[in-house]
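Chemist: Here you go, this is final.cif (mmCIF, C-alpha atoms).
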```cif
data_entry
#
loop_
_atom_site.label_atom_id
_atom_site.label_comp_id
_atom_site.auth_asym_id
_atom_site.auth_seq_id
_atom_site.Cartn_x
_atom_site.Cartn_y
_atom_site.Cartn_z
CA MET A 1 33.81 19.03 -23.93
CA THR A 2 31.82 16.10 -22.49
CA PRO A 3 30.44 16.43 -18.94
CA LEU A 4 31.99 14.07 -16.40
CA SER A 5 30.57 10.56 -16.33
CA ARG A 6 28.93 9.35 -13.14
CA ASP A 7 32.06 7.34 -12.33
CA ALA A 8 34.42 10.29 -12.93
CA LEU A 9 32.23 12.51 -10.74
CA ALA A 10 32.36 9.90 -7.98
CA ARG A 11 36.17 9.76 -8.29
CA MET A 12 36.41 13.56 -8.08
CA VAL A 13 34.40 13.60 -4.84
CA ALA A 14 36.39 10.68 -3.39
CA LEU A 15 39.70 12.45 -4.03
CA HIS A 16 38.52 15.43 -1.99
CA LEU A 17 37.29 13.62 1.14
CA PRO A 18 39.39 14.41 4.22
CA ALA A 19 41.82 11.66 5.25
CA GLU A 20 40.55 9.73 8.28
CA GLY A 21 37.29 11.68 8.14
CA PHE A 22 33.91 10.31 9.23
CA VAL A 23 31.76 10.40 6.10
CA ASN A 24 28.20 9.48 5.13
CA LEU A 25 27.48 8.79 1.48
CA GLY A 26 23.82 9.28 0.58
CA ILE A 27 21.85 6.71 -1.36
CA GLY A 28 22.04 6.75 -5.16
CA ALA A 29 25.04 8.28 -6.94
CA PRO A 30 26.93 9.23 -3.74
CA THR A 31 27.15 5.55 -2.75
CA HIS A 32 29.53 5.01 -5.68
CA VAL A 33 32.07 7.40 -4.15
CA ALA A 34 33.13 4.49 -1.92
CA ASP A 35 34.46 2.64 -4.98
CA TYR A 36 37.00 5.43 -5.63
CA LEU A 37 38.42 6.12 -2.17
CA PRO A 38 42.21 6.19 -2.47
CA ALA A 39 43.95 3.27 -0.74
CA GLY A 40 45.06 4.31 2.72
CA SER A 41 42.70 7.31 2.90
CA GLY A 42 41.53 6.07 6.29
CA VAL A 43 38.04 7.46 5.62
CA ILE A 44 35.46 5.83 7.93
CA LEU A 45 32.07 5.45 6.26
CA HIS A 46 28.86 5.69 8.27
CA SER A 47 25.49 4.36 7.15
CA GLU A 48 22.29 5.65 8.73
CA ASN A 49 20.87 2.20 9.43
CA GLY A 50 23.41 1.70 12.19
CA ILE A 51 26.96 0.96 11.09
CA LEU A 52 30.38 2.63 11.18
CA ASN A 53 33.23 1.46 8.98
CA VAL A 54 31.20 0.22 6.03
CA GLY A 55 33.20 -2.04 3.75
CA PRO A 56 32.76 -3.01 0.11
CA LYS A 57 30.06 -5.15 -1.43
CA PRO A 58 30.66 -8.82 -0.56
CA ALA A 59 31.51 -11.42 -3.17
CA ALA A 60 28.58 -13.17 -4.86
CA GLY A 61 27.18 -15.82 -2.52
CA GLU A 62 28.63 -14.08 0.57
CA GLU A 63 25.73 -11.62 1.02
CA ASP A 64 24.23 -11.30 4.51
CA TRP A 65 20.83 -9.59 4.42
CA ASP A 66 21.24 -8.50 8.04
CA LEU A 67 24.28 -6.49 6.88
CA ILE A 68 23.07 -3.83 4.47
CA ASN A 69 23.58 -0.13 3.75
CA ALA A 70 21.08 2.72 3.60
CA GLY A 71 20.30 1.72 0.02
CA LYS A 72 19.37 -1.74 1.40
CA MET A 73 22.20 -3.43 -0.51
CA PRO A 74 24.56 -6.00 1.08
CA ILE A 75 27.86 -4.62 2.37
CA SER A 76 30.71 -5.82 4.57
CA LEU A 77 32.23 -4.55 7.80
CA ARG A 78 35.78 -3.22 7.91
CA THR A 79 38.20 -3.88 10.77
CA GLY A 80 37.12 -1.81 13.75
CA GLY A 81 33.55 -1.54 12.55
CA SER A 82 30.57 -1.27 14.88
CA TYR A 83 26.79 -1.64 14.93
CA PHE A 84 24.29 0.51 16.81
CA ASP A 85 20.61 1.35 16.84
CA SER A 86 18.98 4.07 14.73
CA SER A 87 18.69 6.52 17.62
CA LEU A 88 22.45 6.52 18.18
CA SER A 89 23.03 6.62 14.44
CA PHE A 90 20.96 9.77 14.06
CA ALA A 91 22.64 11.27 17.12
CA MET A 92 25.86 10.98 15.12
CA MET A 93 24.17 12.66 12.16
CA ARG A 94 22.28 15.48 13.88
CA GLY A 95 24.89 16.04 16.56
CA GLY A 96 27.64 17.29 14.26
CA HIS A 97 29.82 14.19 14.58
CA LEU A 98 30.14 13.46 10.86
CA ASP A 99 32.79 15.48 9.00
CA VAL A 100 31.14 15.26 5.59
CA ALA A 101 27.84 14.09 4.15
CA VAL A 102 27.72 13.65 0.36
CA LEU A 103 24.21 13.97 -1.01
CA GLY A 104 22.54 14.01 -4.38
CA ALA A 105 20.26 16.93 -5.24
CA PHE A 106 17.62 18.16 -7.63
CA GLN A 107 18.58 21.79 -6.98
CA VAL A 108 20.95 23.89 -4.87
CA SER A 109 20.43 27.64 -4.45
CA LYS A 110 23.06 30.36 -4.40
CA ASP A 111 22.66 30.49 -0.61
CA GLY A 112 23.19 26.76 -0.16
CA ASP A 113 19.54 25.79 0.16
CA LEU A 114 19.10 22.11 -0.70
CA ALA A 115 16.19 20.46 -2.52
CA ASN A 116 16.73 16.72 -2.83
CA TRP A 117 13.72 14.78 -1.56
CA THR A 118 10.76 15.44 -3.86
CA THR A 119 9.86 17.19 -7.07
CA GLY A 120 6.34 17.61 -5.70
CA ASP A 121 4.91 15.10 -8.19
CA ASN A 122 1.68 13.94 -6.57
CA GLY A 123 1.53 10.69 -8.49
CA SER A 124 3.82 8.67 -6.24
CA PRO A 125 4.32 8.72 -2.48
CA PRO A 126 7.15 10.96 -1.27
CA GLY A 127 10.03 9.62 0.83
CA ILE A 128 12.35 11.67 2.99
CA GLY A 129 14.42 9.02 4.81
CA GLY A 130 17.55 10.30 6.52
CA ALA A 131 18.67 12.88 3.95
CA ILE A 132 17.18 15.75 5.90
CA ASP A 133 18.89 14.73 9.16
CA LEU A 134 22.24 14.59 7.37
CA ALA A 135 21.65 17.94 5.72
CA VAL A 136 21.03 19.60 9.08
CA GLY A 137 23.67 17.84 11.14
CA ALA A 138 26.90 17.01 9.30
CA LYS A 139 29.78 19.51 9.61
CA SER A 140 30.08 19.85 5.82
CA ILE A 141 27.38 19.11 3.26
CA TRP A 142 28.66 18.30 -0.19
CA VAL A 143 26.31 17.88 -3.11
CA MET A 144 27.18 15.84 -6.20
CA MET A 145 24.95 16.13 -9.25
CA ASP A 146 24.81 16.73 -12.98
CA HIS A 147 25.28 20.44 -13.60
CA THR A 148 22.06 20.66 -15.60
CA THR A 149 18.87 18.65 -15.99
CA LYS A 150 18.42 16.30 -18.94
CA ASP A 151 16.71 19.15 -20.84
CA GLY A 152 19.52 21.59 -20.11
CA ARG A 153 18.17 23.64 -17.19
CA SER A 154 20.56 24.71 -14.44
CA ARG A 155 20.36 22.81 -11.16
CA ILE A 156 22.22 25.65 -9.42
CA VAL A 157 19.53 28.26 -9.04
CA GLU A 158 18.67 31.63 -7.48
CA ARG A 159 15.89 30.01 -5.43
CA CYS A 160 14.93 26.36 -5.30
CA GLY A 161 11.62 25.66 -7.03
CA TYR A 162 11.25 22.23 -5.45
CA PRO A 163 10.33 21.67 -1.76
CA LEU A 164 13.37 22.30 0.45
CA THR A 165 15.25 19.68 2.42
CA ALA A 166 17.09 22.32 4.47
CA ARG A 167 18.05 26.01 4.22
CA ARG A 168 21.64 27.31 3.88
CA VAL A 169 23.39 24.02 4.50
CA VAL A 170 25.33 23.09 1.34
CA THR A 171 29.02 24.01 1.58
CA ARG A 172 30.39 22.61 -1.67
CA ILE A 173 28.88 21.51 -4.99
CA PHE A 174 30.57 18.92 -7.22
CA THR A 175 28.93 18.87 -10.65
CA SER A 176 29.66 17.20 -13.96
CA LEU A 177 31.29 20.51 -15.00
CA ALA A 178 32.79 22.23 -11.95
CA ILE A 179 33.54 22.39 -8.25
CA ILE A 180 31.80 25.33 -6.60
CA GLU A 181 32.13 26.52 -3.01
CA VAL A 182 29.13 28.11 -1.28
CA THR A 183 30.50 31.14 0.58
CA GLY A 184 29.07 34.11 2.43
CA GLU A 185 29.82 36.14 -0.69
CA GLY A 186 28.06 33.77 -3.07
CA LEU A 187 29.15 30.88 -5.27
CA ALA A 188 32.90 30.66 -5.92
CA VAL A 189 34.22 28.49 -8.76
CA GLN A 190 37.16 26.40 -7.55
CA ALA A 191 37.69 24.04 -10.47
CA LEU A 192 36.48 23.82 -14.05
CA LEU A 193 36.25 20.92 -16.49
CA GLU A 194 39.10 20.90 -19.03
CA GLY A 195 38.06 22.69 -22.23
CA LEU A 196 35.27 24.69 -20.56
CA THR A 197 35.53 28.46 -20.07
CA ILE A 198 34.11 30.31 -17.10
CA GLU A 199 31.77 32.14 -19.51
CA ALA A 200 30.49 28.81 -20.85
CA LEU A 201 29.92 27.63 -17.27
CA ARG A 202 27.99 30.83 -16.48
CA ASP A 203 25.81 30.19 -19.57
CA ARG A 204 24.79 26.86 -18.02
CA THR A 205 24.25 28.22 -14.50
CA GLU A 206 21.26 30.25 -13.34
CA ALA A 207 22.85 31.60 -10.16
CA PRO A 208 25.73 34.10 -10.34
CA LEU A 209 29.23 32.62 -10.14
CA HIS A 210 32.40 34.40 -9.15
CA VAL A 211 36.04 33.53 -9.25
CA ALA A 212 38.33 34.31 -6.34
CA GLY A 213 41.83 33.00 -6.82
CA GLU A 214 43.15 30.15 -8.89
CA VAL A 215 40.72 27.88 -10.74
CA ARG A 216 41.98 24.29 -10.99
CA THR A 217 41.38 22.05 -14.00
CA ILE A 218 39.21 18.93 -13.83
CA LYS A 219 40.37 16.09 -16.10
CA GLN A 220 37.88 13.83 -17.85
CA ASP A 221 38.64 10.99 -15.39
CA GLY A 222 37.66 13.16 -12.42
CA SER A 223 41.17 13.96 -11.21
CA VAL A 224 41.90 17.63 -10.57
CA ALA A 225 45.16 19.38 -11.42
CA MET B 1 11.55 -17.39 37.42
CA ARG B 2 10.10 -15.01 34.86
CA ASN B 3 9.58 -16.68 31.49
CA VAL B 4 8.16 -14.72 28.54
CA VAL B 5 8.62 -17.34 25.84
CA VAL B 6 5.50 -18.02 23.79
CA GLU B 7 4.96 -20.81 21.33
CA ASN B 8 4.72 -18.98 18.04
CA ALA B 9 3.87 -15.80 16.16
CA ALA B 10 0.13 -16.31 16.66
CA ALA B 11 0.63 -16.27 20.43
CA ALA B 12 2.90 -13.23 20.12
CA VAL B 13 0.15 -11.14 18.49
CA GLU B 14 -2.59 -12.30 20.90
CA GLY B 15 -4.84 -9.40 21.92
CA ILE B 16 -4.31 -7.20 18.87
CA LYS B 17 -7.55 -5.61 17.74
CA ASP B 18 -9.05 -3.35 15.10
CA GLY B 19 -7.79 0.23 15.25
CA ASP B 20 -4.60 -0.55 17.17
CA THR B 21 -1.33 1.30 16.66
CA VAL B 22 1.47 -1.07 15.77
CA MET B 23 5.23 -0.51 15.50
CA MET B 24 7.12 -2.82 13.16
CA GLY B 25 10.90 -2.89 13.37
CA GLY B 26 13.13 -3.11 10.36
CA PHE B 27 15.01 -1.20 7.73
CA GLY B 28 13.95 -2.90 4.55
CA GLY B 29 13.96 -6.61 5.36
CA ALA B 30 16.67 -6.41 8.06
CA GLY B 31 14.96 -6.41 11.44
CA LEU B 32 11.46 -7.00 10.11
CA PRO B 33 9.64 -9.69 12.16
CA LEU B 34 8.29 -11.60 9.22
CA GLY B 35 6.44 -14.21 11.28
CA VAL B 36 4.49 -11.38 12.92
CA VAL B 37 3.61 -9.90 9.52
CA LYS B 38 1.78 -13.12 8.67
CA ALA B 39 0.31 -13.73 12.12
CA VAL B 40 -1.30 -10.27 12.18
CA LEU B 41 -2.83 -11.00 8.75
CA ASP B 42 -4.19 -14.28 10.08
CA ARG B 43 -5.89 -12.45 12.98
CA GLY B 44 -7.99 -10.53 10.46
CA VAL B 45 -7.63 -7.15 12.21
CA ARG B 46 -8.23 -3.89 10.30
CA ASP B 47 -7.79 -0.12 10.51
CA LEU B 48 -4.29 -0.36 11.95
CA THR B 49 -2.01 2.62 12.38
CA LEU B 50 1.42 1.33 11.34
CA ILE B 51 4.66 2.96 12.53
CA SER B 52 7.53 1.69 10.41
CA ASN B 53 10.55 2.98 8.51
CA ASN B 54 9.31 1.54 5.21
CA ALA B 55 6.05 0.43 3.62
CA GLY B 56 7.23 -2.86 2.19
CA SER B 57 9.10 -3.54 -1.01
CA THR B 58 8.69 -7.20 -1.95
CA GLU B 59 5.76 -9.58 -2.17
CA ASP B 60 6.74 -11.11 1.15
CA ASP B 61 6.83 -8.26 3.68
CA LEU B 62 4.67 -5.32 4.85
CA SER B 63 3.36 -5.11 1.29
CA LEU B 64 1.05 -7.95 2.36
CA TRP B 65 -0.68 -5.64 4.85
CA PHE B 66 -1.36 -3.06 2.15
CA GLU B 67 -2.53 -5.73 -0.27
CA ALA B 68 -4.97 -6.93 2.42
CA ARG B 69 -5.93 -3.29 3.19
CA ILE B 70 -5.58 -3.59 6.94
CA VAL B 71 -3.63 -0.33 7.39
CA ARG B 72 -5.59 2.92 7.76
CA LYS B 73 -2.57 5.16 8.38
CA ILE B 74 1.19 4.78 8.17
CA VAL B 75 3.76 6.88 10.03
CA CYS B 76 6.86 6.35 7.97
CA SER B 77 10.08 7.93 6.67
CA TYR B 78 10.65 6.21 3.35
CA PRO B 79 7.60 4.56 1.73
CA ARG B 80 9.30 4.38 -1.68
CA SER B 81 9.63 1.23 -3.83
CA ALA B 82 6.40 0.01 -2.23
CA LYS B 83 4.03 -0.96 -5.02
CA GLN B 84 0.99 -2.02 -3.00
CA PHE B 85 1.26 0.98 -0.67
CA ALA B 86 1.69 3.36 -3.63
CA GLU B 87 -1.50 2.06 -5.25
CA GLN B 88 -3.52 2.75 -2.10
CA TYR B 89 -1.81 6.10 -1.56
CA ARG B 90 -2.80 7.19 -5.07
CA ALA B 91 -6.34 5.94 -4.50
CA GLY B 92 -6.51 7.92 -1.24
CA THR B 93 -7.39 4.86 0.83
CA VAL B 94 -4.42 5.11 3.20
CA GLU B 95 -3.15 8.10 5.14
CA LEU B 96 0.59 8.90 5.16
CA GLU B 97 2.39 10.85 7.88
CA LEU B 98 5.86 11.35 6.42
CA VAL B 99 8.52 11.82 9.11
CA PRO B 100 12.28 12.34 8.70
CA GLN B 101 13.97 9.11 9.74
CA GLY B 102 15.93 10.55 12.66
CA THR B 103 12.82 12.32 13.91
CA LEU B 104 10.81 9.11 13.62
CA VAL B 105 13.18 7.10 15.75
CA GLU B 106 13.65 9.89 18.30
CA ARG B 107 9.88 10.31 18.65
CA ILE B 108 9.72 6.59 19.42
CA ARG B 109 12.60 6.93 21.87
CA ALA B 110 10.79 9.81 23.57
CA GLY B 111 7.64 7.69 23.81
CA GLY B 112 9.51 4.81 25.39
CA ALA B 113 11.49 7.07 27.70
CA GLY B 114 8.46 8.86 29.13
CA LEU B 115 9.31 12.22 27.58
CA GLY B 116 6.79 14.77 26.33
CA GLY B 117 8.72 15.18 23.08
CA PHE B 118 11.95 16.84 22.05
CA LEU B 119 13.27 19.87 20.17
CA SER B 120 14.70 19.17 16.73
CA PRO B 121 16.50 21.38 14.23
CA VAL B 122 15.49 18.97 11.47
CA GLY B 123 12.78 20.37 9.22
CA VAL B 124 13.11 24.02 10.24
CA GLY B 125 12.23 26.19 7.23
CA THR B 126 10.62 23.29 5.35
CA VAL B 127 7.19 21.66 5.02
CA PHE B 128 8.16 19.38 7.91
CA ALA B 129 7.81 22.33 10.30
CA GLU B 130 4.25 23.16 9.25
CA GLY B 131 1.78 23.09 12.12
CA LYS B 132 4.46 22.49 14.74
CA GLU B 133 5.42 24.70 17.65
CA LYS B 134 8.70 26.59 17.16
CA ILE B 135 11.02 27.20 20.11
CA VAL B 136 14.28 29.19 20.08
CA VAL B 137 17.08 27.85 22.27
CA GLU B 138 20.36 29.77 22.52
CA GLY B 139 19.47 31.68 19.36
CA ARG B 140 18.74 28.61 17.23
CA GLU B 141 15.26 27.68 16.04
CA PHE B 142 13.89 24.22 16.83
CA ILE B 143 10.55 22.51 16.31
CA LEU B 144 8.70 20.58 18.98
CA GLU B 145 8.33 16.93 18.01
CA LEU B 146 5.87 14.80 19.96
CA PRO B 147 6.37 11.26 21.28
CA LEU B 148 5.13 8.09 19.60
CA ARG B 149 3.82 5.08 21.49
CA ALA B 150 2.01 1.99 20.31
CA ASP B 151 -0.37 -0.70 21.50
CA PHE B 152 2.05 -3.29 20.15
CA ALA B 153 5.73 -3.09 19.16
CA PHE B 154 6.96 -6.04 17.12
CA VAL B 155 10.66 -6.38 16.40
CA LYS B 156 13.19 -8.92 15.22
CA GLY B 157 16.08 -9.89 17.50
CA HIS B 158 18.84 -12.43 17.11
CA LEU B 159 18.85 -14.25 20.48
CA ALA B 160 16.54 -13.93 23.46
CA ASP B 161 16.77 -15.65 26.80
CA THR B 162 13.73 -16.95 28.65
CA LEU B 163 13.63 -13.78 30.80
CA GLY B 164 13.26 -11.66 27.66
CA ASN B 165 16.76 -10.20 27.30
CA VAL B 166 17.51 -9.62 23.61
CA THR B 167 20.55 -9.33 21.30
CA TYR B 168 20.46 -8.25 17.68
CA ASN B 169 22.34 -9.19 14.51
CA LYS B 170 24.37 -6.53 12.68
CA THR B 171 22.33 -3.81 10.95
CA ALA B 172 19.08 -5.64 11.79
CA ARG B 173 19.17 -3.76 15.12
CA ASN B 174 18.13 -0.45 13.46
CA HIS B 175 14.76 0.77 14.84
CA CYS B 176 14.10 -2.49 16.71
CA ALA B 177 15.99 -1.67 19.90
CA VAL B 178 14.17 1.67 20.21
CA MET B 179 10.70 0.37 19.32
CA ALA B 180 11.14 -2.34 21.96
CA THR B 181 10.85 0.45 24.58
CA ALA B 182 7.70 2.07 23.22
CA GLY B 183 4.98 -0.56 22.93
CA ARG B 184 2.36 -1.30 25.59
CA THR B 185 2.97 -4.91 24.59
CA VAL B 186 6.39 -5.74 23.13
CA ALA B 187 6.93 -9.01 21.27
CA VAL B 188 10.28 -10.07 19.86
CA GLU B 189 10.77 -12.62 17.08
CA VAL B 190 14.23 -14.17 17.38
CA ASP B 191 16.38 -16.71 15.60
CA ARG B 192 16.82 -18.74 18.79
CA VAL B 193 15.71 -18.76 22.44
CA VAL B 194 18.37 -19.57 25.03
CA GLU B 195 18.33 -20.15 28.80
CA ALA B 196 18.62 -17.27 31.25
CA GLY B 197 22.32 -16.80 31.93
CA ASP B 198 23.42 -17.88 28.46
CA LEU B 199 23.69 -14.31 27.13
CA ASP B 200 26.71 -12.17 27.98
CA PRO B 201 25.25 -9.30 30.05
CA GLU B 202 27.53 -6.92 28.11
CA ALA B 203 25.97 -8.08 24.83
CA ILE B 204 22.32 -7.58 25.81
CA VAL B 205 20.94 -4.57 23.93
CA THR B 206 17.31 -4.75 25.04
CA PRO B 207 17.02 -5.66 28.75
CA CYS B 208 14.09 -7.89 29.66
CA ILE B 209 12.15 -5.17 31.50
CA PHE B 210 10.93 -3.93 28.09
CA VAL B 211 9.93 -7.31 26.69
CA ASP B 212 6.59 -9.08 27.19
CA ARG B 213 6.80 -11.96 24.71
CA VAL B 214 9.52 -13.72 22.73
CA PHE B 215 9.24 -16.53 20.23
CA ALA B 216 11.62 -18.37 17.95
CA ARG B 217 11.16 -17.71 14.25
CA SER B 218 9.89 -20.61 12.21
CA LEU B 219 8.84 -19.36 8.83
CA ARG B 220 6.32 -21.25 6.80
#
```
Produce structure tokens that represent the structure in this file.
Modeler:
Amino acid sequence: MTPLSRDALARMVALHLPAEGFVNLGIGAPTHVADYLPAGSGVILHSENGILNVGPKPAAGEEDWDLINAGKMPISLRTGGSYFDSSLSFAMMRGGHLDVAVLGAFQVSKDGDLANWTTGDNGSPPGIGGAIDLAVGAKSIWVMMDHTTKDGRSRIVERCGYPLTARRVVTRIFTSLAIIEVTGEGLAVQALLEGLTIEALRDRTEAPLHVAGEVRTIKQDGSVA
Amino acid sequence: MRNVVVENAAAAVEGIKDGDTVMMGGFGGAGLPLGVVKAVLDRGVRDLTLISNNAGSTEDDLSLWFEARIVRKIVCSYPRSAKQFAEQYRAGTVELELVPQGTLVERIRAGGAGLGGFLSPVGVGTVFAEGKEKIVVEGREFILELPLRADFAFVKGHLADTLGNVTYNKTARNHCAVMATAGRTVAVEVDRVVEAGDLDPEAIVTPCIFVDRVFARSLR
């Protein structure tokens, strides 16, 4: 059993996004979800720096440095796209107009608390950007992350040890091992990586997990059966 | 007829002095008035309070202000990937007020719109709520965020007419259109100046009432 690669995790998230939904992909790993959106999904991507209907990276030589995404990389505009100032952009984010925001995380708690902006390391300046506005304002907050840290510690925890981005906001967690829903009754496993047992998943997870109903199987390429 | 066109960046920053608060538009390089960056350096002012989304990232942007040590405090949402700023932050020679990006721009909007602040759900239950007044509205907790204004707001537009009406280019609009409402003196660096009447009134994003100076970019 090998945990999902970054690409397979991005594909798994992409396959779950609601058709024709308004979606913001956070900087870092979530940005790659755009590469795996199924053709004809109709998903409209928002970027916090003032654009709706974000298109793919332009061909080499076609970059326009006035047309960038939140990660400050060149993008293109899809048909029907629009530009607006930051105030209107954050009105979309805080005001509950986005269907889904996909964010990376250091930790998520059993109650859906999110820690994704700093590990509290005093050596380098912290940055918060727009992650916190998304976490508070989008209708659904999905987290995508490796299930454990590089040294094997669970990122799904009883209580976040790192400074919080927002309390009780995460609705679904996509990890390199599982898909987990945050519910009023705790964390519910919805899908499990092929070859992994629920007991083995619990061994790698600090917070309690429960199973309610059918658990689907995640293939190594990120598709879910 | 009103005409706010000035010759160059040096004229656009005329009057800036030590200790001023300065807004700089831009999200990364998009929307950053680069001519102003250099003109402010040339003025030799110090102890600035800088309000900006970022703290520079290349050798050719706001990093120059940190290298020259002319910023005493920065109000900022994402000062990452900023080598010169990071060095001064670690040395304790620059103060950082870290503000969520949406809160930053809305505080600027409040400043420009004459509001005493606004109530935000962002930051409730986190370190960003520390020291701020909490107000419950319809059962939900909010924090009181205060307005931001500046002595000078410098932004990058695409076209300006001689009256001072401004359009922007793509995602370079970002914080610029909001900052252009919140400076005591507002100067806009543009790609090209056109005659009054040449801009489609429907395309004007910043109406001339907010704008004191415009100049056409000519980078050295």
Chemist: Mind pulling up the distance from atom CA of B:Ala177 to atom CA of A:Met92?
Modeler: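 Atom-to-atom, atom CA of A:Met92 and atom CA of B:Ala177 are spaced 16.7 Å apart.
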Chemist: Evaluate the PyMOL selection byres ((chain A) within 7 of (chain B)) and record the selected residues as a compact mmCIF listing (two decimals) with C-alpha atoms, in the frame of the given file, following the chain and residue labels used in the document.
Modeler:
```txt
# COMPACT_ATOMS: atom_id res chain seq x y z
CA ASN A 49 20.87 2.20 9.43
CA GLY A 50 23.41 1.70 12.19
CA ILE A 51 26.96 0.96 11.09
CA TRP A 65 20.83 -9.59 4.42
CA ASP A 66 21.24 -8.50 8.04
CA LEU A 67 24.28 -6.49 6.88
CA ILE A 68 23.07 -3.83 4.47
CA LYS A 72 19.37 -1.74 1.40
CA TYR A 83 26.79 -1.64 14.93
CA PHE A 84 24.29 0.51 16.81
CA ASP A 85 20.61 1.35 16.84
CA SER A 86 18.98 4.07 14.73
CA SER A 87 18.69 6.52 17.62
CA PHE A 90 20.96 9.77 14.06
CA GLY A 123 1.53 10.69 -8.49
CA SER A 124 3.82 8.67 -6.24
CA PRO A 125 4.32 8.72 -2.48
CA PRO A 126 7.15 10.96 -1.27
CA GLY A 127 10.03 9.62 0.83
CA ILE A 128 12.35 11.67 2.99
CA GLY A 129 14.42 9.02 4.81
CA GLY A 130 17.55 10.30 6.52
CA ILE A 132 17.18 15.75 5.90
CA ASP A 133 18.89 14.73 9.16
CA VAL A 136 21.03 19.60 9.08
CA LEU A 164 13.37 22.30 0.45
CA THR A 165 15.25 19.68 2.42
CA ALA A 166 17.09 22.32 4.47
CA ARG A 167 18.05 26.01 4.22
```
Chemist: Name the residues that the PyMOL selection byres ((chain A and resi 222) around 10) pulls out of this structure, and write them as a list in words.
Modeler: Leu4, Ser5, Arg6, Asp7, Ala8, Leu9, Ala10, Arg11, Met12, Val13, Ala14, Leu15, Ser176, Leu193, Thr217, Ile218, Lys219, Gln220, Asp221, Ser223, Val224 and Ala225 of chain A
Chemist: Using atom CA of B:Ala216 and atom CA of B:Leu199 as the two end points, give the distance in Å to one decimal.
Modeler: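 Going from atom CA of B:Ala216 over to atom CA of B:Leu199, I get 15.7 Å.
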Chemist: Atom CA of A:Ala91 and atom CA of A:Glu20 are how many Å apart?
Modeler: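 So the two atoms, atom CA of A:Ala91 and atom CA of A:Glu20, lie 20.0 Å apart.
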Chemist: Given the file shown, enumerate the residues that the PyMOL selection byres ((chain A and resi 173-175) around 8) captures and present them as a list of chain:residue names.
Modeler: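 For this structure, the PyMOL selection byres ((chain A and resi 173-175) around 8) resolves to A:Leu9, A:Met12, A:Val13, A:Trp142, A:Val143, A:Met144, A:Met145, A:Asp146, A:His147, A:Val170, A:Thr171, A:Arg172, A:Ser176, A:Leu177, A:Ala178, A:Ile179, A:Ile180, A:Glu181, A:Val182.
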Chemist: Could you write out the selected residues, including C-alpha atoms, as a JSON list (two decimals), keeping the file's coordinate frame?
Modeler:
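Output file selection_9.json is given in full below:
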```
[["chain", "number", "residue", "atom", "x", "y", "z"],
["A", 9, "LEU", "CA", 32.23, 12.51, -10.74],
["A", 12, "MET", "CA", 36.41, 13.56, -8.08],
["A", 13, "VAL", "CA", 34.40, 13.60, -4.84],
["A", 142, "TRP", "CA", 28.66, 18.30, -0.19],
["A", 143, "VAL", "CA", 26.31, 17.88, -3.11],
["A", 144, "MET", "CA", 27.18, 15.84, -6.20],
["A", 145, "MET", "CA", 24.95, 16.13, -9.25],
["A", 146, "ASP", "CA", 24.81, 16.73, -12.98],
["A", 147, "HIS", "CA", 25.28, 20.44, -13.60],
["A", 170, "VAL", "CA", 25.33, 23.09, 1.34],
["A", 171, "THR", "CA", 29.02, 24.01, 1.58],
["A", 172, "ARG", "CA", 30.39, 22.61, -1.67],
["A", 176, "SER", "CA", 29.66, 17.20, -13.96],
["A", 177, "LEU", "CA", 31.29, 20.51, -15.00],
["A", 178, "ALA", "CA", 32.79, 22.23, -11.95],
["A", 179, "ILE", "CA", 33.54, 22.39, -8.25],
["A", 180, "ILE", "CA", 31.80, 25.33, -6.60],
["A", 181, "GLU", "CA", 32.13, 26.52, -3.01],
["A", 182, "VAL", "CA", 29.13, 28.11, -1.28]]
```
Chemist: For a quick check of understanding, using all atoms listed in the file, which of A:Gly195, A:Val102, A:Gly80, A:Arg168 has the smallest distance to A:Leu52?
Modeler: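 Of the candidates, the smallest distance to A:Leu52 is held by A:Gly80.
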Chemist: Return the single residue from A:Ile198, A:Ile141, A:Leu77, A:Leu192 that is closest to A:Leu103, with distances computed using all atoms listed in the file.
Modeler: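 Smallest distance to A:Leu103 is found for A:Ile141.
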Chemist: Neighbours of B:Ala160 within 12 Å (all atoms listed in the file; same-chain residues fewer than 2 positions away dropped), as a PyMOL selection string?
Modeler: chain B and resi 3-6+155-158+162-169+187-201+203-208+211-217
Chemist: Just checking: using all atoms listed in the file, which residue out of A:Gly55, A:Pro163, A:Pro74, A:Gly81 ends up closest to A:Gln107?
Modeler: A:Pro163
Chemist: If you count all atoms listed in the file, which residues fall within 8 Å of B:Phe118, apart from same-chain ones fewer than 2 positions away, as a VMD selection string?
Modeler: chain B and resid 107 110 115 to 116 120 144 to 147
